[in-house]
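What follows is the content of query-v3.txt, which has compact mmCIF, C-alpha atoms and all ligand atoms:
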```txt
# COMPACT_ATOMS: atom_id res chain seq x y z
CA MET A 1 114.05 98.62 74.99
CA HIS A 2 115.75 101.74 73.79
CA ASP A 3 114.13 104.98 74.86
CA ARG A 4 114.90 106.83 71.65
CA ASP A 5 111.29 106.78 70.51
CA ARG A 6 109.71 107.61 73.79
CA PRO A 7 107.38 110.62 73.62
CA ILE A 8 108.97 113.82 74.83
CA ARG A 9 107.77 114.87 78.25
CA LEU A 10 109.20 117.08 80.92
CA VAL A 11 109.11 115.60 84.39
CA VAL A 12 110.15 118.09 87.00
CA VAL A 13 109.98 116.58 90.40
CA ARG A 14 109.24 118.41 93.67
CA ILE A 15 109.32 121.77 92.01
CA ILE A 16 107.19 124.84 92.27
CA PRO A 17 107.04 126.83 89.03
CA MET A 18 109.05 129.89 90.07
CA THR A 19 111.91 127.90 91.50
CA ALA A 20 111.90 125.58 88.55
CA ALA A 21 112.44 128.52 86.28
CA ARG A 22 115.21 129.78 88.50
CA ALA A 23 116.82 126.39 88.86
CA LEU A 24 116.98 125.99 85.13
CA SER A 25 117.85 129.42 83.95
CA PRO A 26 120.58 131.36 85.80
CA PRO A 27 123.85 131.75 83.96
CA LEU A 28 126.60 129.63 85.35
CA PRO A 29 129.09 131.35 87.61
CA PRO A 30 132.69 130.58 86.71
CA THR A 31 133.99 127.57 88.62
CA ASP A 32 136.62 128.28 91.23
CA ARG A 33 139.13 125.77 90.05
CA GLY A 34 142.45 126.62 91.60
CA SER A 35 141.01 128.22 94.69
CA SER A 36 142.41 126.61 97.78
CA LEU A 37 140.58 125.21 100.70
CA ILE A 38 141.64 125.30 104.27
CA LEU A 39 141.81 122.45 106.63
CA ALA A 40 139.66 124.29 109.12
CA ALA A 41 136.75 124.08 106.73
CA ALA A 42 136.87 120.31 106.74
CA HIS A 43 136.92 120.23 110.51
CA ASN A 44 133.90 122.45 110.77
CA THR A 45 131.54 119.52 110.60
CA ALA A 46 128.82 120.97 112.81
CA ALA A 47 128.20 123.91 110.49
CA MET A 48 128.39 121.56 107.57
CA ALA A 49 125.78 119.17 108.95
CA ASP A 50 123.25 121.99 108.95
CA CYS A 51 123.44 122.52 105.26
CA MET A 52 123.50 118.82 104.43
CA GLN A 53 119.87 118.08 105.20
CA GLU A 54 118.44 119.22 101.88
CA TRP A 55 119.69 120.24 98.48
CA PRO A 56 119.90 124.02 98.13
CA GLU A 57 117.52 124.06 95.19
CA PRO A 58 114.81 121.74 93.94
CA VAL A 59 116.38 118.83 92.14
CA VAL A 60 115.82 118.57 88.41
CA ARG A 61 116.62 115.26 86.77
CA VAL A 62 118.88 115.67 83.78
CA GLN A 63 116.94 112.87 82.16
CA ALA A 64 113.82 115.08 82.42
CA VAL A 65 115.57 118.02 80.80
CA ALA A 66 116.93 115.77 78.06
CA GLU A 67 113.55 114.22 77.37
CA SER A 68 111.80 117.57 77.26
CA GLY A 69 113.15 118.04 73.76
CA LEU A 70 114.76 121.42 74.40
CA ALA A 71 117.02 122.50 71.55
CA ALA A 72 119.18 124.60 73.89
CA ILE A 73 120.32 123.47 77.30
CA PRO A 74 119.37 125.58 80.35
CA GLY A 75 122.01 128.07 81.47
CA CYS A 76 122.83 126.21 84.68
CA TYR A 77 124.44 123.44 82.63
CA VAL A 78 126.49 125.77 80.44
CA LYS A 79 130.17 125.71 81.35
CA PRO A 80 132.51 128.66 81.01
CA PRO A 81 134.38 128.50 77.69
CA ARG A 82 137.64 127.28 79.23
CA ASP A 83 135.91 124.20 80.64
CA ARG A 84 134.08 123.18 77.48
CA PRO A 85 135.18 120.16 75.47
CA ALA A 86 137.17 120.74 72.31
CA ALA A 87 135.36 120.15 69.02
CA GLN A 88 137.67 117.35 67.89
CA HIS A 89 136.86 115.35 71.01
CA LEU A 90 133.12 115.57 70.49
CA ALA A 91 133.50 114.32 66.95
CA THR A 92 134.99 111.12 68.29
CA ALA A 93 132.64 110.48 71.19
CA GLY A 94 130.52 107.80 69.49
CA VAL A 95 131.70 104.24 69.20
CA GLY A 96 130.55 102.33 66.14
CA GLY A 97 130.16 103.48 62.56
CA ASP A 98 132.45 106.13 61.15
CA GLU A 99 132.84 107.89 64.47
CA ASP A 100 134.70 104.92 65.78
CA VAL A 101 137.89 106.28 64.31
CA LEU A 102 139.81 107.99 67.07
CA GLN A 103 141.35 111.24 65.99
CA GLU A 104 144.00 110.93 68.63
CA PRO A 105 146.95 108.62 68.03
CA LEU A 106 146.57 105.49 70.13
CA ASP A 107 149.86 105.91 71.91
CA THR A 108 148.48 109.00 73.64
CA SER A 109 145.92 106.89 75.46
CA ILE A 110 146.26 105.47 78.96
CA PRO A 111 148.36 102.30 79.44
CA VAL A 112 146.70 98.87 79.29
CA ILE A 113 147.96 96.31 81.82
CA ASP A 114 147.31 92.60 81.53
CA LEU A 115 146.76 91.14 85.00
CA GLY A 116 146.32 87.54 83.76
CA GLU A 117 149.50 86.12 85.27
CA LEU A 118 149.01 87.91 88.52
CA VAL A 119 145.42 86.75 88.91
CA ALA A 120 146.53 83.17 88.22
CA ALA A 121 149.35 83.50 90.74
CA ALA A 122 147.02 84.96 93.36
CA ALA A 123 144.58 82.09 92.83
CA ALA A 124 147.42 79.62 93.32
CA ALA A 125 148.69 81.59 96.35
CA ASP A 126 151.96 81.92 94.48
CA GLU A 127 153.67 85.07 95.75
CA GLY A 128 156.50 86.94 94.15
CA ARG A 129 155.34 87.05 90.51
CA MET A 130 154.80 90.76 90.41
CA GLY A 131 158.00 92.05 88.75
CA LEU A 132 157.03 93.24 85.28
CA ILE A 133 153.53 94.19 86.23
CA THR A 134 154.65 96.40 89.09
CA GLU A 135 156.92 98.30 86.74
CA ALA A 136 154.07 98.95 84.34
CA VAL A 137 151.79 99.96 87.20
CA ALA A 138 154.42 102.27 88.71
CA ALA A 139 154.94 104.02 85.37
CA ALA A 140 151.19 104.40 84.81
CA CYS A 141 150.59 105.75 88.33
CA ARG A 142 153.44 108.24 88.05
CA GLU A 143 152.72 109.48 84.57
CA TRP A 144 148.99 109.10 84.08
CA GLY A 145 147.35 108.29 87.39
CA PHE A 146 145.20 106.04 85.17
CA PHE A 147 145.47 102.67 83.50
CA GLN A 148 143.22 99.97 82.12
CA VAL A 149 143.29 96.37 83.27
CA VAL A 150 142.39 93.29 81.25
CA ASN A 151 142.32 89.63 82.36
CA HIS A 152 141.60 90.94 85.82
CA GLY A 153 139.61 87.96 87.05
CA VAL A 154 136.11 89.51 87.08
CA ALA A 155 133.81 87.54 84.78
CA PRO A 156 132.74 89.42 81.63
CA GLU A 157 129.19 88.10 82.08
CA LEU A 158 128.98 89.68 85.52
CA MET A 159 130.27 92.97 84.15
CA ARG A 160 127.69 92.89 81.40
CA ALA A 161 124.93 91.99 83.84
CA ALA A 162 125.84 94.86 86.16
CA ARG A 163 125.88 97.35 83.31
CA GLU A 164 122.54 96.09 82.02
CA ALA A 165 120.90 96.10 85.45
CA TRP A 166 121.80 99.73 85.98
CA ARG A 167 120.96 100.68 82.43
CA GLY A 168 117.55 99.15 83.12
CA PHE A 169 117.19 101.26 86.23
CA PHE A 170 117.97 104.53 84.51
CA ARG A 171 115.60 103.74 81.68
CA LEU A 172 112.67 103.53 84.09
CA PRO A 173 110.36 106.54 84.14
CA ILE A 174 111.60 109.20 86.55
CA THR A 175 108.57 108.77 88.80
CA ALA A 176 109.58 105.15 89.41
CA LYS A 177 113.04 106.25 90.53
CA GLN A 178 111.97 109.17 92.62
CA GLN A 179 111.35 107.08 95.75
CA TYR A 180 115.13 106.67 95.93
CA ALA A 181 115.90 110.41 95.69
CA ASN A 182 119.03 111.12 97.71
CA LEU A 183 119.99 113.81 100.24
CA PRO A 184 123.36 115.51 100.64
CA ARG A 185 123.79 114.08 104.13
CA THR A 186 124.38 110.55 102.88
CA TYR A 187 124.27 110.78 99.10
CA GLU A 188 122.75 107.34 99.04
CA GLY A 189 120.21 106.85 96.29
CA TYR A 190 119.21 108.59 93.09
CA GLY A 191 120.93 111.94 92.62
CA SER A 192 121.50 114.69 90.09
CA ARG A 193 124.06 116.94 91.72
CA VAL A 194 127.10 116.93 93.96
CA GLY A 195 127.73 119.79 96.35
CA VAL A 196 125.34 121.99 98.26
CA ARG A 197 126.47 125.38 97.02
CA LYS A 198 123.40 127.37 96.05
CA GLY A 199 123.39 128.37 92.39
CA GLY A 200 126.42 126.16 91.83
CA PRO A 201 127.08 124.72 88.39
CA LEU A 202 125.32 121.52 87.44
CA ASP A 203 126.50 118.64 85.32
CA TRP A 204 124.68 116.82 82.55
CA GLY A 205 124.19 113.55 84.39
CA ASP A 206 122.11 111.66 86.94
CA TYR A 207 123.57 109.00 89.19
CA TYR A 208 122.84 106.38 91.80
CA PHE A 209 125.09 106.10 94.82
CA LEU A 210 125.25 103.26 97.31
CA HIS A 211 127.54 101.63 99.87
CA LEU A 212 128.93 98.16 99.21
CA ALA A 213 131.22 97.84 102.23
CA PRO A 214 131.79 97.58 105.10
CA GLU A 215 128.81 95.41 105.90
CA ALA A 216 127.61 97.85 108.57
CA ALA A 217 127.37 100.69 106.04
CA LYS A 218 125.23 98.70 103.63
CA SER A 219 121.51 99.27 103.59
CA PRO A 220 120.14 97.40 100.61
CA ASP A 221 116.60 97.29 101.96
CA LYS A 222 116.42 101.03 102.26
CA TYR A 223 118.60 102.34 99.48
CA TRP A 224 119.10 99.77 96.75
CA PRO A 225 116.61 99.65 93.91
CA THR A 226 114.33 96.62 93.56
CA ASN A 227 113.61 97.38 89.94
CA PRO A 228 115.07 95.88 87.78
CA ALA A 229 114.64 92.85 90.05
CA ILE A 230 118.18 91.69 89.32
CA CYS A 231 119.78 94.97 90.40
CA ARG A 232 120.41 94.12 94.06
CA GLU A 233 121.80 90.68 93.53
CA VAL A 234 124.00 91.71 90.63
CA SER A 235 125.32 94.76 92.47
CA GLU A 236 126.12 92.62 95.47
CA GLU A 237 128.08 90.10 93.43
CA TYR A 238 129.70 92.74 91.28
CA GLY A 239 130.81 94.54 94.44
CA ARG A 240 132.30 91.39 95.92
CA GLU A 241 134.28 90.60 92.79
CA VAL A 242 135.53 94.11 92.12
CA ILE A 243 136.51 94.55 95.77
CA ARG A 244 138.69 91.47 95.37
CA LEU A 245 140.28 93.10 92.34
CA CYS A 246 140.85 96.28 94.36
CA GLU A 247 142.63 94.28 97.05
CA LEU A 248 144.92 92.81 94.43
CA LEU A 249 145.53 96.22 92.89
CA MET A 250 146.39 97.62 96.31
CA LYS A 251 149.09 94.98 96.73
CA VAL A 252 150.48 95.67 93.28
CA MET A 253 150.46 99.41 93.78
CA SER A 254 152.04 99.12 97.20
CA ALA A 255 154.80 96.85 95.86
CA SER A 256 155.26 99.07 92.82
CA LEU A 257 156.10 101.94 95.13
CA GLY A 258 158.75 99.81 96.81
CA LEU A 259 156.64 99.14 99.91
CA GLU A 260 155.48 95.92 101.51
CA GLU A 261 152.52 94.47 99.60
CA SER A 262 150.25 94.90 102.59
CA ARG A 263 151.37 98.46 103.34
CA PHE A 264 148.59 100.28 101.46
CA GLN A 265 145.85 98.14 102.92
CA GLU A 266 147.14 98.68 106.45
CA ALA A 267 147.53 102.41 106.01
CA PHE A 268 143.98 102.71 104.69
CA GLY A 269 142.35 100.87 107.56
CA GLY A 270 142.93 97.13 107.02
CA SER A 271 139.80 95.17 106.33
CA GLU A 272 137.61 98.09 107.35
CA CYS A 273 137.86 99.95 104.08
CA GLY A 274 134.74 101.54 102.65
CA VAL A 275 133.45 100.80 99.18
CA CYS A 276 130.81 102.72 97.25
CA LEU A 277 129.25 102.34 93.86
CA ARG A 278 128.22 105.25 91.72
CA ALA A 279 126.24 104.31 88.64
CA ASN A 280 126.38 107.25 86.25
CA TYR A 281 123.80 108.04 83.60
CA TYR A 282 124.52 110.70 81.02
CA PRO A 283 121.46 111.35 78.85
CA ARG A 284 121.76 112.59 75.28
CA CYS A 285 122.45 116.28 75.19
CA PRO A 286 121.41 118.72 72.45
CA GLN A 287 124.49 120.90 73.01
CA PRO A 288 127.37 118.68 74.12
CA ASP A 289 129.84 121.39 73.12
CA LEU A 290 128.66 123.63 75.99
CA THR A 291 128.55 121.29 78.93
CA LEU A 292 130.07 118.28 80.71
CA GLY A 293 128.53 115.08 82.05
CA LEU A 294 130.81 115.34 85.05
CA SER A 295 133.00 118.36 85.74
CA ALA A 296 136.74 117.96 86.16
CA HIS A 297 137.55 116.34 89.47
CA SER A 298 139.90 113.91 91.08
CA ASP A 299 138.46 111.00 93.05
CA PRO A 300 138.80 111.53 96.80
CA GLY A 301 139.34 107.92 97.85
CA VAL A 302 142.06 105.31 97.41
CA LEU A 303 141.34 104.02 93.94
CA THR A 304 138.47 103.84 91.48
CA VAL A 305 137.58 100.95 89.19
CA LEU A 306 135.38 102.12 86.36
CA LEU A 307 133.32 100.00 84.03
CA ALA A 308 132.67 102.26 81.07
CA ASP A 309 129.91 102.10 78.49
CA GLU A 310 130.66 99.51 75.83
CA HIS A 311 129.32 101.71 73.03
CA VAL A 312 129.90 105.33 73.89
CA ARG A 313 133.09 107.04 74.94
CA GLY A 314 133.01 109.98 77.31
CA LEU A 315 135.71 109.78 79.97
CA GLN A 316 138.56 112.23 79.50
CA VAL A 317 141.78 112.25 81.48
CA ARG A 318 144.04 115.25 81.88
CA ARG A 319 147.47 114.28 80.63
CA ALA A 320 150.62 115.60 82.31
CA ASP A 321 150.92 118.31 79.62
CA GLY A 322 147.43 119.57 80.45
CA GLU A 323 145.69 118.15 77.36
CA TRP A 324 142.43 116.23 77.74
CA VAL A 325 142.65 112.71 76.32
CA THR A 326 139.50 110.67 75.60
CA VAL A 327 139.77 107.15 76.95
CA GLN A 328 139.01 104.34 74.54
CA PRO A 329 138.20 101.23 76.57
CA ALA A 330 140.59 98.49 75.42
CA ARG A 331 137.81 95.89 75.41
CA HIS A 332 134.22 95.59 76.63
CA ASP A 333 135.53 93.71 79.64
CA ALA A 334 138.35 96.10 80.50
CA PHE A 335 138.25 98.16 83.68
CA ILE A 336 139.65 101.66 83.89
CA VAL A 337 141.53 102.14 87.14
CA ASN A 338 142.62 105.44 88.62
CA VAL A 339 144.64 106.58 91.58
CA GLY A 340 142.58 108.52 94.12
CA ASP A 341 143.63 111.45 96.30
CA GLN A 342 144.47 109.17 99.26
CA ILE A 343 147.14 107.34 97.27
CA GLN A 344 148.57 110.66 96.15
CA ILE A 345 148.74 111.63 99.83
CA LEU A 346 150.17 108.31 101.06
CA SER A 347 152.76 108.25 98.26
CA ASN A 348 153.66 111.88 98.96
CA SER A 349 152.66 112.74 95.41
CA VAL A 350 154.87 110.15 93.71
CA TYR A 351 151.62 108.67 92.37
CA LYS A 352 149.16 111.15 90.99
CA SER A 353 145.44 111.40 91.46
CA VAL A 354 144.65 112.87 88.08
CA GLU A 355 141.84 115.14 87.03
CA HIS A 356 139.23 113.62 84.80
CA ARG A 357 135.84 114.60 83.45
CA VAL A 358 133.07 113.31 81.22
CA ILE A 359 131.90 114.71 77.91
CA VAL A 360 128.41 114.02 76.62
CA ASN A 361 126.92 113.25 73.32
CA ALA A 362 124.03 114.43 71.13
CA ARG A 363 123.20 111.02 69.75
CA GLU A 364 123.77 108.49 72.49
CA GLU A 365 123.17 108.24 76.18
CA ARG A 366 126.03 106.80 78.20
CA ILE A 367 126.28 104.72 81.35
CA SER A 368 129.22 103.89 83.59
CA LEU A 369 129.75 102.17 86.93
CA ALA A 370 132.39 103.67 89.20
CA LEU A 371 133.40 101.61 92.22
CA PHE A 372 135.25 103.70 94.79
CA TYR A 373 137.58 101.95 97.16
CA ASN A 374 137.98 104.26 100.15
CA PRO A 375 139.94 104.27 103.39
CA ARG A 376 138.27 103.62 106.70
CA GLY A 377 136.77 106.97 107.67
CA ASP A 378 138.58 107.59 110.93
CA VAL A 379 142.23 106.76 110.29
CA PRO A 380 144.51 109.75 109.77
CA ILE A 381 146.26 109.46 106.43
CA ALA A 382 149.57 111.13 105.70
CA PRO A 383 152.60 110.38 103.50
CA ALA A 384 154.22 107.02 104.39
CA PRO A 385 157.47 107.64 106.30
CA GLU A 386 159.25 105.34 103.80
CA VAL A 387 158.65 107.81 100.96
CA VAL A 388 159.40 110.97 102.90
CA THR A 389 163.00 112.12 102.65
CA GLN A 390 164.93 115.26 103.35
CA GLU A 391 164.85 116.14 99.66
CA ARG A 392 161.18 115.27 99.48
CA PRO A 393 159.58 116.35 102.74
CA SER A 394 156.01 115.46 103.58
CA LEU A 395 153.57 117.42 101.45
CA TYR A 396 150.41 116.68 103.41
CA PRO A 397 149.34 116.88 107.05
CA PRO A 398 147.42 113.87 108.44
CA MET A 399 143.72 113.97 107.75
CA THR A 400 140.96 111.39 108.02
CA PHE A 401 138.87 110.46 105.02
CA ASP A 402 135.67 111.47 106.85
CA GLU A 403 137.01 115.00 107.15
CA TYR A 404 138.25 115.09 103.60
CA ARG A 405 135.07 113.74 102.07
CA ALA A 406 132.81 116.04 104.07
CA TYR A 407 134.52 118.99 102.47
CA ILE A 408 134.18 117.62 98.98
CA ARG A 409 130.57 116.71 99.41
CA LYS A 410 129.79 120.21 100.40
CA ASN A 411 131.59 121.83 97.52
CA GLY A 412 131.16 119.46 94.60
CA PRO A 413 133.71 118.79 91.87
CA ARG A 414 136.51 121.33 91.67
CA GLY A 415 139.32 119.94 89.65
CA LYS A 416 142.14 119.31 92.07
CA ALA A 417 141.54 122.30 94.29
CA GLN A 418 140.79 120.07 97.30
CA LEU A 419 144.07 118.24 97.26
CA ASP A 420 146.14 121.26 96.30
CA GLY A 421 144.49 123.01 99.19
CA VAL A 422 145.56 120.54 101.84
CA GLU A 423 149.23 120.68 100.88
CA GLN A 424 151.41 121.77 103.76
CA GLY A 425 152.12 125.44 103.93
CA GLN A 426 149.06 126.64 102.02
CA ALA A 427 147.91 130.01 103.22
CA ALA A 428 144.73 129.65 105.26
CA GLY A 429 141.72 131.39 103.83
CA THR A 430 137.97 130.96 103.82
CA PRO A 431 136.45 129.02 100.97
CA PRO A 432 134.72 131.43 98.56
CA GLU A 433 131.18 130.33 99.31
CA ASN A 434 131.60 131.14 103.03
CA LYS A 435 133.01 134.57 102.46
C1 LIG B 501 133.24 109.26 88.62
C2 LIG B 501 133.82 109.31 87.25
C3 LIG B 501 133.69 108.69 84.93
C4 LIG B 501 132.71 108.17 83.92
O1 LIG B 501 132.10 108.75 88.76
O2 LIG B 501 133.93 109.72 89.56
O3 LIG B 501 134.86 109.88 87.09
O4 LIG B 501 133.15 107.82 82.84
N1 LIG B 501 133.14 108.75 86.24
O5 LIG B 501 131.51 108.14 84.21
NI NI B 502 135.85 110.25 88.97
```
As structure tokens:
Amino acid sequence: MHDRDRPIRLVVVRIIPMTAARALSPPLPPTDRGSSLILAAAHNTAAMADCMQEWPEPVVRVQAVAESGLAAIPGCYVKPPRDRPAAQHLATAGVGGDEDVLQEPLDTSIPVIDLGELVAAAAAADEGRMGLITEAVAAACREWGFFQVVNHGVAPELMRAAREAWRGFFRLPITAKQQYANLPRTYEGYGSRVGVRKGGPLDWGDYYFLHLAPEAAKSPDKYWPTNPAICREVSEEYGREVIRLCELLMKVMSASLGLEESRFQEAFGGSECGVCLRANYYPRCPQPDLTLGLSAHSDPGVLTVLLADEHVRGLQVRRADGEWVTVQPARHDAFIVNVGDQIQILSNSVYKSVEHRVIVNAREERISLALFYNPRGDVPIAPAPEVVTQERPSLYPPMTFDEYRAYIRKNGPRGKAQLDGVEQGQAAGTPPENK
């Protein structure tokens, strides 16, 4: 059921002609990567709530733009030259056929960690088998902020089913998905942008966002798609299994930092952690050299477990030397795990929440499922006293995840500006869009 041969047709939803033209045509302002935010902005939730009721412009589905058959992408998707992908990366984006040959040497890619022994030990309630794995995890979290896991205990069939269910959803006609259109206040549902800044840059991707935990935050009847019929059930089971993996990863990461195994979980709110799923859909793009499927960002939460497309590469990670490295999934049933901003904060920047982005492709659409494991919204998070020393004083003031996320949701992806901005001692200033 591939959509390659579908007739070309532009579906612009909830748009009046003038605004549609405006939404699609203005040149992209340069992103403000590197600009710093102030804490006060995140606390200003009342002002923020006002602008979170509606998107600032009519929403255009990237799928609609892609299917319209345009040879050139609209200006709002064009990135400034410094943010565009390098030509050699685009040449290697496809998986299969000749393009399958990675131009980059394999040893430049993110570490792969086999969790087999640990999963077996956890199942047998056999503690204390973490040694070698924690070393590998510690090195990956310090140097890359990213690693892949294999033999992680989640069934490959479930992973495949989840990917297929969501692929099925995105391949529905846009009109069938429109009933789930999301709003910036909650983000739940079918979306095509992050951030409410008017005229802000757009990315070449649509997504679906929903809450998997805690139970009270879940609203499957209202927000989860019923088509494909399997989508709800599979997402539920997938969530359960991947959350279990997250809990194991939290223990490993905590131990790898020299802390009690339970330390991370406690600091992030015990059993009250929040979990969200973001299914990403990156349609084919006639000019992948000019845009990005997802702009450079770091993930705001604790950790992210990504199930990438089994056929098409696209995720790029910024290596310590600043180079973008395209991730090659180790296997179809590998997960890509990354450290989120909250672990960088709790570890006082020993572990890094690393910038990543997505490149798109002229020949293939791409899908991915990102599961975000987040702290409870109302617990202040600051560097753990165990990792703060006189030589390495605390870099971050306490802040709750609700405050932190509200800021990000307003502003959209901005590299690592958010986290850099909350470092202690930053000069206070007003974010550019409020000036
Ligand atoms: C994300 C993300 C990467 C991908 O959703 O935060 O980084 O490959 N996704 O889709
Ligand atoms: Ni991400």
Rank nothing, just name the residue among A:Arg357, A:Arg376, A:Arg263, A:Arg171 nearest to ligand LIG 501 (chain B), using only C-alpha atoms and all ligand atoms. A:Arg357
Identify, on the basis of only C-alpha atoms, every residue whose closest approach to Ser192 (chain A) does not exceed 8 Å; exclude the query and any residue fewer than 3 positions from it along the same chain; express the result as a PyMOL selection string. chain A and resi 59-62+203+205-207
Which residues are near ligand LIG 501 (chain B) - at most 10 Å, using all atoms listed in the file? Format: as a ChimeraX atom specification. /A:205,207,209,277-282,293-300,304-309,312-317,327,336,338,340,355-360,366-372,413
May I have the selected residues written with C-alpha atoms, as a PDB file, in the coordinates of the input?
```
ATOM      1  CA  GLY A 205     124.190 113.550  84.390  1.00  0.00           C
ATOM      2  CA  TYR A 207     123.570 109.000  89.190  1.00  0.00           C
ATOM      3  CA  PHE A 209     125.090 106.100  94.820  1.00  0.00           C
ATOM      4  CA  LEU A 277     129.250 102.340  93.860  1.00  0.00           C
ATOM      5  CA  ARG A 278     128.220 105.250  91.720  1.00  0.00           C
ATOM      6  CA  ALA A 279     126.240 104.310  88.640  1.00  0.00           C
ATOM      7  CA  ASN A 280     126.380 107.250  86.250  1.00  0.00           C
ATOM      8  CA  TYR A 281     123.800 108.040  83.600  1.00  0.00           C
ATOM      9  CA  TYR A 282     124.520 110.700  81.020  1.00  0.00           C
ATOM     10  CA  GLY A 293     128.530 115.080  82.050  1.00  0.00           C
ATOM     11  CA  LEU A 294     130.810 115.340  85.050  1.00  0.00           C
ATOM     12  CA  SER A 295     133.000 118.360  85.740  1.00  0.00           C
ATOM     13  CA  ALA A 296     136.740 117.960  86.160  1.00  0.00           C
ATOM     14  CA  HIS A 297     137.550 116.340  89.470  1.00  0.00           C
ATOM     15  CA  SER A 298     139.900 113.910  91.080  1.00  0.00           C
ATOM     16  CA  ASP A 299     138.460 111.000  93.050  1.00  0.00           C
ATOM     17  CA  PRO A 300     138.800 111.530  96.800  1.00  0.00           C
ATOM     18  CA  THR A 304     138.470 103.840  91.480  1.00  0.00           C
ATOM     19  CA  VAL A 305     137.580 100.950  89.190  1.00  0.00           C
ATOM     20  CA  LEU A 306     135.380 102.120  86.360  1.00  0.00           C
ATOM     21  CA  LEU A 307     133.320 100.000  84.030  1.00  0.00           C
ATOM     22  CA  ALA A 308     132.670 102.260  81.070  1.00  0.00           C
ATOM     23  CA  ASP A 309     129.910 102.100  78.490  1.00  0.00           C
ATOM     24  CA  VAL A 312     129.900 105.330  73.890  1.00  0.00           C
ATOM     25  CA  ARG A 313     133.090 107.040  74.940  1.00  0.00           C
ATOM     26  CA  GLY A 314     133.010 109.980  77.310  1.00  0.00           C
ATOM     27  CA  LEU A 315     135.710 109.780  79.970  1.00  0.00           C
ATOM     28  CA  GLN A 316     138.560 112.230  79.500  1.00  0.00           C
ATOM     29  CA  VAL A 317     141.780 112.250  81.480  1.00  0.00           C
ATOM     30  CA  VAL A 327     139.770 107.150  76.950  1.00  0.00           C
ATOM     31  CA  ILE A 336     139.650 101.660  83.890  1.00  0.00           C
ATOM     32  CA  ASN A 338     142.620 105.440  88.620  1.00  0.00           C
ATOM     33  CA  GLY A 340     142.580 108.520  94.120  1.00  0.00           C
ATOM     34  CA  GLU A 355     141.840 115.140  87.030  1.00  0.00           C
ATOM     35  CA  HIS A 356     139.230 113.620  84.800  1.00  0.00           C
ATOM     36  CA  ARG A 357     135.840 114.600  83.450  1.00  0.00           C
ATOM     37  CA  VAL A 358     133.070 113.310  81.220  1.00  0.00           C
ATOM     38  CA  ILE A 359     131.900 114.710  77.910  1.00  0.00           C
ATOM     39  CA  VAL A 360     128.410 114.020  76.620  1.00  0.00           C
ATOM     40  CA  ARG A 366     126.030 106.800  78.200  1.00  0.00           C
ATOM     41  CA  ILE A 367     126.280 104.720  81.350  1.00  0.00           C
ATOM     42  CA  SER A 368     129.220 103.890  83.590  1.00  0.00           C
ATOM     43  CA  LEU A 369     129.750 102.170  86.930  1.00  0.00           C
ATOM     44  CA  ALA A 370     132.390 103.670  89.200  1.00  0.00           C
ATOM     45  CA  LEU A 371     133.400 101.610  92.220  1.00  0.00           C
ATOM     46  CA  PHE A 372     135.250 103.700  94.790  1.00  0.00           C
ATOM     47  CA  PRO A 413     133.710 118.790  91.870  1.00  0.00           C
TER      48      PRO A 413
END
```
Counting only C-alpha atoms, the option among A:Ala382, A:Val149, A:Ile174, A:Ala320 closest to Ser353 (chain A):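 Closest to Ser353 (chain A), using only C-alpha atoms: A:Ala320.
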Identify the residues around (134.0, 94.6, 92.1) within a radius of 10 Å, measuring from all atoms listed in the file in the coordinates stated by the file, and give them as a JSON list (two decimals) with C-alpha atoms, in the frame of the given file.
```
[["chain", "number", "residue", "atom", "x", "y", "z"],
["A", 154, "VAL", "CA", 136.11, 89.51, 87.08],
["A", 158, "LEU", "CA", 128.98, 89.68, 85.52],
["A", 159, "MET", "CA", 130.27, 92.97, 84.15],
["A", 212, "LEU", "CA", 128.93, 98.16, 99.21],
["A", 235, "SER", "CA", 125.32, 94.76, 92.47],
["A", 236, "GLU", "CA", 126.12, 92.62, 95.47],
["A", 237, "GLU", "CA", 128.08, 90.10, 93.43],
["A", 238, "TYR", "CA", 129.70, 92.74, 91.28],
["A", 239, "GLY", "CA", 130.81, 94.54, 94.44],
["A", 240, "ARG", "CA", 132.30, 91.39, 95.92],
["A", 241, "GLU", "CA", 134.28, 90.60, 92.79],
["A", 242, "VAL", "CA", 135.53, 94.11, 92.12],
["A", 243, "ILE", "CA", 136.51, 94.55, 95.77],
["A", 244, "ARG", "CA", 138.69, 91.47, 95.37],
["A", 245, "LEU", "CA", 140.28, 93.10, 92.34],
["A", 246, "CYS", "CA", 140.85, 96.28, 94.36],
["A", 247, "GLU", "CA", 142.63, 94.28, 97.05],
["A", 275, "VAL", "CA", 133.45, 100.80, 99.18],
["A", 277, "LEU", "CA", 129.25, 102.34, 93.86],
["A", 305, "VAL", "CA", 137.58, 100.95, 89.19],
["A", 306, "LEU", "CA", 135.38, 102.12, 86.36],
["A", 307, "LEU", "CA", 133.32, 100.00, 84.03],
["A", 370, "ALA", "CA", 132.39, 103.67, 89.20],
["A", 371, "LEU", "CA", 133.40, 101.61, 92.22],
["A", 372, "PHE", "CA", 135.25, 103.70, 94.79],
["A", 373, "TYR", "CA", 137.58, 101.95, 97.16]]
```
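Here CA of Gly274 (chain A) and CA of Glu215 (chain A) stand 9.1 Å from one another.
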Contacts of Glu261 (chain A) at 8 Å (all atoms listed in the file; same-chain gap of 4+ positions) as a ChimeraX atom specification: /A:250-255
When distances are computed from all atoms listed in the file, which of A:Leu259, A:Ile345, A:Leu419, A:Val337 shows the smallest separation from ligand NI 502 (chain B)?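 Residue with the minimum atom-to-atom distance to ligand NI 502 (chain B): A:Val337.
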In Å, how far is it from CA of Gly415 (chain A) to CA of Gln390 (chain A)? 29.4 Å
